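The structure file upload04.cif is reproduced below (mmCIF, C-alpha atoms).
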```cif
data_protein
#
loop_
_atom_site.label_atom_id
_atom_site.label_comp_id
_atom_site.auth_asym_id
_atom_site.auth_seq_id
_atom_site.Cartn_x
_atom_site.Cartn_y
_atom_site.Cartn_z
CA PHE A 1 80.95 112.09 89.31
CA ASP A 2 78.45 112.15 92.18
CA ALA A 3 80.13 110.78 95.30
CA VAL A 4 76.80 110.68 97.16
CA ALA A 5 74.86 108.82 94.48
CA VAL A 6 77.30 105.88 94.50
CA LEU A 7 76.87 105.18 98.21
CA THR A 8 75.04 102.03 99.21
CA ASP A 9 76.26 101.99 102.83
CA ARG A 10 75.80 105.47 104.26
CA VAL A 11 76.35 104.27 107.83
CA LYS A 12 79.82 102.94 107.00
CA ALA A 13 80.60 106.10 105.03
CA ALA A 14 79.75 108.22 108.07
CA ALA A 15 81.86 106.16 110.50
CA PRO A 16 85.45 107.15 111.24
CA VAL A 17 88.33 105.15 109.76
CA THR A 18 89.19 102.12 111.88
CA ASP A 19 92.48 100.30 112.35
CA GLU A 20 90.72 97.17 111.04
CA GLU A 21 89.99 98.89 107.72
CA LEU A 22 93.70 99.73 107.40
CA ALA A 23 95.04 96.31 108.40
CA ASP A 24 97.15 94.49 105.80
CA LYS A 25 94.65 91.62 105.56
CA GLN A 26 91.86 94.08 104.72
CA LEU A 27 94.04 96.02 102.27
CA LEU A 28 94.94 92.73 100.59
CA ARG A 29 91.23 92.28 99.87
CA ASN A 30 91.35 95.55 97.87
CA VAL A 31 93.99 94.29 95.45
CA LEU A 32 92.42 90.84 95.25
CA LEU A 33 89.20 92.53 94.04
CA GLU A 34 87.29 91.18 97.06
CA THR A 35 85.98 94.63 97.98
CA SER A 36 83.72 96.84 95.92
CA ASP A 37 84.95 99.97 94.18
CA GLU A 38 82.67 101.89 96.53
CA GLU A 39 84.38 100.43 99.61
CA VAL A 40 87.86 101.30 98.32
CA ASN A 41 86.83 104.82 97.29
CA VAL A 42 85.01 105.52 100.57
CA LEU A 43 87.97 104.34 102.65
CA ALA A 44 90.36 106.54 100.67
CA TRP A 45 87.98 109.51 100.92
CA LYS A 46 87.70 109.13 104.69
CA CYS A 47 91.48 108.87 104.99
CA LEU A 48 91.85 112.03 102.91
CA GLY A 49 89.61 113.75 105.46
CA TYR A 50 86.20 113.80 103.79
CA SER A 51 83.35 113.07 106.17
CA PHE A 52 79.83 112.02 105.32
CA VAL A 53 77.44 114.18 107.33
CA ASP A 54 73.71 114.73 106.85
CA GLY A 55 73.65 113.03 103.45
CA ALA A 56 76.57 114.96 101.94
CA TRP A 57 80.35 114.81 101.82
CA ASP A 58 82.05 117.53 103.85
CA SER A 59 85.62 118.56 102.99
CA GLY A 60 86.36 120.64 106.10
CA ALA A 61 88.99 118.21 107.40
CA VAL A 62 90.50 117.23 104.03
CA PHE A 63 94.24 117.75 103.58
CA PRO A 64 94.62 121.38 102.39
CA LYS A 65 96.21 120.86 98.95
CA TRP A 66 93.88 117.99 98.19
CA ARG A 67 90.78 119.97 99.25
CA GLU A 68 91.84 122.85 97.02
CA ARG A 69 92.03 120.56 94.03
CA TYR A 70 89.15 118.22 94.97
CA PRO A 71 86.44 119.97 97.03
CA THR A 72 84.27 116.86 96.55
CA PRO A 73 85.56 113.27 96.64
CA PRO A 74 86.79 112.11 93.23
CA ASP A 75 86.36 108.61 91.85
CA LEU A 76 89.83 107.09 92.24
CA LEU A 77 89.14 103.77 90.51
CA GLY A 78 86.95 104.32 87.47
CA MET A 79 83.80 102.80 88.91
CA THR A 80 81.99 102.86 85.57
CA ARG A 81 84.80 100.98 83.77
CA GLN A 82 84.57 103.51 80.93
CA TYR A 83 88.20 104.26 80.11
CA SER A 84 87.88 106.62 77.15
CA LYS A 85 90.02 109.70 77.65
CA ALA A 86 87.08 112.08 77.60
CA TYR A 87 85.24 110.17 80.30
CA ASP A 88 88.10 108.83 82.43
CA GLU A 89 90.44 111.84 82.58
CA PRO A 90 89.25 113.16 86.00
CA THR A 91 89.66 109.73 87.61
CA LEU A 92 93.08 109.21 86.06
CA ARG A 93 94.30 112.64 87.23
CA ALA A 94 92.96 112.10 90.77
CA VAL A 95 94.64 108.73 91.27
CA GLN A 96 97.86 110.10 89.78
CA ALA A 97 97.77 113.00 92.27
CA LEU A 98 97.23 110.53 95.09
CA GLN A 99 100.11 108.37 93.88
CA ARG A 100 102.45 111.38 93.58
CA SER A 101 101.70 112.26 97.20
CA THR A 102 102.88 108.85 98.42
CA ALA A 103 106.29 109.12 100.08
CA THR A 104 109.10 107.49 98.11
CA GLU A 105 109.79 104.89 100.77
CA TYR A 106 106.21 103.57 100.33
CA LYS A 107 106.51 102.93 96.59
CA THR A 108 107.18 99.25 97.38
CA ALA A 109 104.63 99.01 100.20
CA LEU A 110 102.40 96.50 98.43
CA LYS A 111 105.24 94.07 97.90
CA ASP A 112 106.67 94.63 101.36
CA ASN A 113 103.37 94.29 103.24
CA LEU A 114 101.25 91.94 101.13
CA ARG A 115 103.77 89.40 99.86
CA PRO A 116 103.99 87.79 103.33
CA LEU A 117 100.20 87.31 103.07
CA GLY A 118 100.56 85.48 99.75
CA TRP A 119 100.01 88.28 97.24
CA THR A 120 102.30 87.89 94.25
CA GLY A 121 101.19 90.94 92.30
CA TYR A 122 99.22 91.28 89.13
CA LYS A 123 100.04 89.58 85.84
CA MET A 124 100.23 91.80 82.76
CA GLU A 125 97.73 89.56 81.00
CA GLY A 126 94.28 90.70 82.06
CA LEU A 127 95.53 93.80 83.90
CA THR A 128 92.93 96.58 83.85
CA PRO A 129 93.07 100.26 84.79
CA ASN A 130 90.81 99.46 87.75
CA MET A 131 93.26 96.87 89.08
CA THR A 132 96.20 99.25 88.69
CA ARG A 133 94.30 101.99 90.47
CA ARG A 134 93.28 99.68 93.31
CA ALA A 135 96.96 98.92 93.82
CA GLN A 136 97.86 102.63 93.75
CA VAL A 137 95.11 103.56 96.21
CA THR A 138 96.02 100.65 98.48
CA GLN A 139 99.66 101.70 98.42
CA TRP A 140 98.62 105.23 99.46
CA LEU A 141 96.41 103.77 102.21
CA MET A 142 99.46 101.99 103.63
CA TYR A 143 101.37 105.26 103.57
CA TYR A 144 98.42 106.99 105.24
CA ARG A 145 98.14 104.28 107.90
CA ASP A 146 101.82 104.41 108.80
CA GLU A 147 102.54 108.13 108.49
CA LEU A 148 99.35 110.23 108.57
CA HIS A 149 96.63 108.42 110.53
CA ASN A 150 95.79 110.10 113.84
CA VAL A 151 98.53 112.74 113.41
CA SER A 152 97.59 116.42 113.70
CA LEU A 153 97.88 118.69 110.68
CA GLU A 154 100.41 120.81 112.59
CA GLU A 155 102.62 117.79 113.26
CA LEU A 156 102.32 116.68 109.63
CA GLN A 157 103.35 120.13 108.45
CA ARG A 158 106.33 120.09 110.82
CA ARG A 159 107.38 116.69 109.49
CA LYS A 160 106.97 117.89 105.92
CA GLU A 161 109.22 120.88 106.53
CA GLU A 162 111.80 118.63 108.19
CA ARG A 163 111.67 116.27 105.20
CA ARG A 164 111.98 119.21 102.77
CA ARG A 165 115.15 120.42 104.53
CA LYS A 166 116.61 116.90 104.45
CA GLU A 167 115.79 116.54 100.73
CA GLU A 168 117.51 119.88 100.02
CA GLN A 169 120.62 118.80 101.91
CA GLU A 170 120.74 115.49 100.06
CA GLY A 171 120.00 117.08 96.68
CA ASN A 172 117.00 114.79 96.21
CA GLU A 173 115.54 115.40 92.73
CA LEU A 174 112.95 112.62 92.60
CA PRO A 175 109.84 113.44 90.53
CA THR A 176 107.31 112.08 93.04
CA GLY A 177 107.07 111.05 96.65
CA THR A 178 108.88 114.12 97.94
CA SER A 179 107.75 116.92 100.23
CA LYS A 180 106.80 118.94 97.13
CA THR A 181 104.09 116.49 96.04
CA GLY A 182 102.20 115.75 99.27
CA VAL A 183 98.55 116.31 100.09
CA LEU A 184 99.32 118.88 102.82
#
```

Would you encode the structure as structure tokens?
Amino acid sequence: FDAVAVLTDRVKAAAPVTDEELADKQLLRNVLLETSDEEVNVLAWKCLGYSFVDGAWDSGAVFPKWRERYPTPPDLLGMTRQYSKAYDEPTLRAVQALQRSTATEYKTALKDNLRPLGWTGYKMEGLTPNMTRRAQVTQWLMYYRDELHNVSLEELQRRKEERRRKEEQEGNELPTGTSKTGVL
């Protein structure tokens, strides 16, 4: 996957993430399929810390665990719509990693934030991997917006350690959404 080759708007890719891009009304457009796969991917990449500089993606500010696993931005949606295991495996694994890093309390973020705007969810009939992944990425973007955006790495690490201690005290054994599965 070539994250540079898919770009049609290099100016937007190079701009920092804005509050407007993370607003519920804009995120609703992601799940309603009113934004392109490129727009959703680029927003997620920028939120993960990738920056587009001099015609290339730089990972210097990417969350440490994520950067280790993904030194270049991965396709999170399956932009080619080719879902064979051999072709789609990297995309599937990347979006699963992103979803695992979403804090447990954000697992219902789509319903909580988008239902008041009229979104009723997807119907099983006609559901595609791309739609599911858009929902997963959008859910992570809500988590990012509320918990990670404009917070220093040091503060995030402090919060993670605090959360880990609380999880230990409570005996929390959830498989995802815990301090063990974050992007830090």

Once the PyMOL selection byres ((chain A and resi 51) around 10) has been evaluated on this model, what residues remain selected, and can you format them as a ChimeraX atom specification? /A:13-16,42,45-50,52-54,56-62,73

Give me the residues near region 75-77 of chain A as a ChimeraX atom specification, where near means some atom within 7 Å (using only C-alpha atoms) and where sequence neighbours in that chain fewer than 6 positions away do not count. /A:1,37,41,91,94-95,130,133-134

So which residues touch region 22-28 of chain A within 10 Å, counting only C-alpha atoms, skipping near sequence neighbours fewer than 5 positions away, as a PDB file with C-alpha atoms, keeping the file's coordinate frame?
```pdb
ATOM      1  CA  VAL A  17      88.330 105.150 109.760  1.00  0.00           C
ATOM      2  CA  LEU A  33      89.200  92.530  94.040  1.00  0.00           C
ATOM      3  CA  GLU A  34      87.290  91.180  97.060  1.00  0.00           C
ATOM      4  CA  THR A  35      85.980  94.630  97.980  1.00  0.00           C
ATOM      5  CA  VAL A  40      87.860 101.300  98.320  1.00  0.00           C
ATOM      6  CA  LEU A  43      87.970 104.340 102.650  1.00  0.00           C
ATOM      7  CA  CYS A  47      91.480 108.870 104.990  1.00  0.00           C
ATOM      8  CA  LEU A 110     102.400  96.500  98.430  1.00  0.00           C
ATOM      9  CA  ASN A 113     103.370  94.290 103.240  1.00  0.00           C
ATOM     10  CA  LEU A 114     101.250  91.940 101.130  1.00  0.00           C
ATOM     11  CA  ARG A 115     103.770  89.400  99.860  1.00  0.00           C
ATOM     12  CA  PRO A 116     103.990  87.790 103.330  1.00  0.00           C
ATOM     13  CA  LEU A 117     100.200  87.310 103.070  1.00  0.00           C
ATOM     14  CA  GLY A 118     100.560  85.480  99.750  1.00  0.00           C
ATOM     15  CA  TRP A 119     100.010  88.280  97.240  1.00  0.00           C
ATOM     16  CA  ARG A 134      93.280  99.680  93.310  1.00  0.00           C
ATOM     17  CA  ALA A 135      96.960  98.920  93.820  1.00  0.00           C
ATOM     18  CA  VAL A 137      95.110 103.560  96.210  1.00  0.00           C
ATOM     19  CA  THR A 138      96.020 100.650  98.480  1.00  0.00           C
ATOM     20  CA  GLN A 139      99.660 101.700  98.420  1.00  0.00           C
ATOM     21  CA  LEU A 141      96.410 103.770 102.210  1.00  0.00           C
ATOM     22  CA  MET A 142      99.460 101.990 103.630  1.00  0.00           C
ATOM     23  CA  TYR A 144      98.420 106.990 105.240  1.00  0.00           C
ATOM     24  CA  ARG A 145      98.140 104.280 107.900  1.00  0.00           C
ATOM     25  CA  ASP A 146     101.820 104.410 108.800  1.00  0.00           C
ATOM     26  CA  HIS A 149      96.630 108.420 110.530  1.00  0.00           C
TER      27      HIS A 149
END
```

Pairwise distance, CA of Thr128 (chain A) with CA of Lys107 (chain A), equals 19.7 Å

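Across the structure, CA of Arg158 (chain A) and CA of Leu98 (chain A) are spaced 20.5 Å apart.
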
Between CA of Arg165 (chain A) and CA of Arg69 (chain A), what is the distance in Å, rounded to a tenth? 25.4 Å

Nearest to Met131 (chain A): which of A:Leu92, A:Met79, A:Ala86, A:Val31 is it, counting all atoms listed in the file?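 Smallest separation from Met131 (chain A) among the options: A:Val31.
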
Which residue out of A:Lys166, A:Leu153, A:Glu39, A:Gly171 has the minimum interatomic distance to Arg10 (chain A) when all atoms listed in the file are used? A:Glu39

Atoms added to region 8-19 of chain A (all heavy atoms), reported as a compact mmCIF listing (two decimals), in the frame of the given file:
```
# COMPACT_ATOMS: atom_id res chain seq x y z
N THR A 8 76.06 102.99 98.84
CA THR A 8 75.04 102.03 99.21
C THR A 8 75.04 101.82 100.72
O THR A 8 74.07 101.36 101.28
CB THR A 8 75.27 100.66 98.52
OG1 THR A 8 76.57 100.18 98.85
CG2 THR A 8 75.13 100.80 97.00
N ASP A 9 76.15 102.16 101.38
CA ASP A 9 76.26 101.99 102.83
C ASP A 9 76.61 103.34 103.45
O ASP A 9 77.76 103.64 103.73
CB ASP A 9 77.32 100.94 103.17
CG ASP A 9 77.33 100.58 104.65
OD1 ASP A 9 76.73 101.32 105.46
OD2 ASP A 9 77.95 99.56 105.00
N ARG A 10 75.58 104.13 103.71
CA ARG A 10 75.80 105.47 104.26
C ARG A 10 76.27 105.44 105.71
O ARG A 10 76.97 106.33 106.15
CB ARG A 10 74.53 106.30 104.12
CG ARG A 10 74.23 106.64 102.67
CD ARG A 10 72.90 107.33 102.47
NE ARG A 10 72.73 107.63 101.06
CZ ARG A 10 72.59 108.84 100.59
NH1 ARG A 10 72.54 109.87 101.39
NH2 ARG A 10 72.45 109.05 99.29
N VAL A 11 75.91 104.39 106.44
CA VAL A 11 76.35 104.27 107.83
C VAL A 11 77.86 104.09 107.87
O VAL A 11 78.57 104.75 108.63
CB VAL A 11 75.62 103.11 108.54
CG1 VAL A 11 76.21 102.84 109.91
CG2 VAL A 11 74.13 103.40 108.64
N LYS A 12 78.38 103.19 107.04
CA LYS A 12 79.82 102.94 107.00
C LYS A 12 80.55 104.19 106.51
O LYS A 12 81.63 104.51 107.00
CB LYS A 12 80.14 101.75 106.11
CG LYS A 12 81.57 101.30 106.22
CD LYS A 12 81.79 99.97 105.55
CE LYS A 12 83.19 99.47 105.83
NZ LYS A 12 83.41 98.14 105.32
N ALA A 13 79.97 104.89 105.55
CA ALA A 13 80.60 106.10 105.03
C ALA A 13 80.71 107.17 106.11
O ALA A 13 81.67 107.94 106.13
CB ALA A 13 79.81 106.64 103.84
N ALA A 14 79.76 107.20 107.02
CA ALA A 14 79.75 108.22 108.07
C ALA A 14 80.64 107.86 109.26
O ALA A 14 80.99 108.72 110.06
CB ALA A 14 78.32 108.45 108.55
N ALA A 15 81.04 106.60 109.36
CA ALA A 15 81.86 106.16 110.50
C ALA A 15 83.32 106.57 110.29
O ALA A 15 83.80 106.63 109.16
CB ALA A 15 81.77 104.65 110.64
N PRO A 16 84.03 106.83 111.38
CA PRO A 16 85.45 107.15 111.24
C PRO A 16 86.25 105.95 110.76
O PRO A 16 85.82 104.81 110.87
CB PRO A 16 85.88 107.56 112.65
CG PRO A 16 84.79 107.12 113.56
CD PRO A 16 83.57 106.88 112.74
N VAL A 17 87.43 106.21 110.23
CA VAL A 17 88.33 105.15 109.76
C VAL A 17 88.77 104.32 110.96
O VAL A 17 89.13 104.87 112.00
CB VAL A 17 89.56 105.76 109.06
CG1 VAL A 17 90.54 104.67 108.64
CG2 VAL A 17 89.14 106.58 107.85
N THR A 18 88.75 103.01 110.79
CA THR A 18 89.19 102.12 111.88
C THR A 18 90.53 101.48 111.53
O THR A 18 90.90 101.38 110.35
CB THR A 18 88.16 101.01 112.13
OG1 THR A 18 88.13 100.15 110.97
CG2 THR A 18 86.77 101.58 112.41
N ASP A 19 91.22 101.03 112.57
CA ASP A 19 92.48 100.30 112.35
C ASP A 19 92.22 99.02 111.56
O ASP A 19 93.06 98.60 110.76
CB ASP A 19 93.14 99.97 113.69
CG ASP A 19 93.67 101.22 114.39
OD1 ASP A 19 93.86 102.26 113.73
OD2 ASP A 19 93.89 101.16 115.62
```
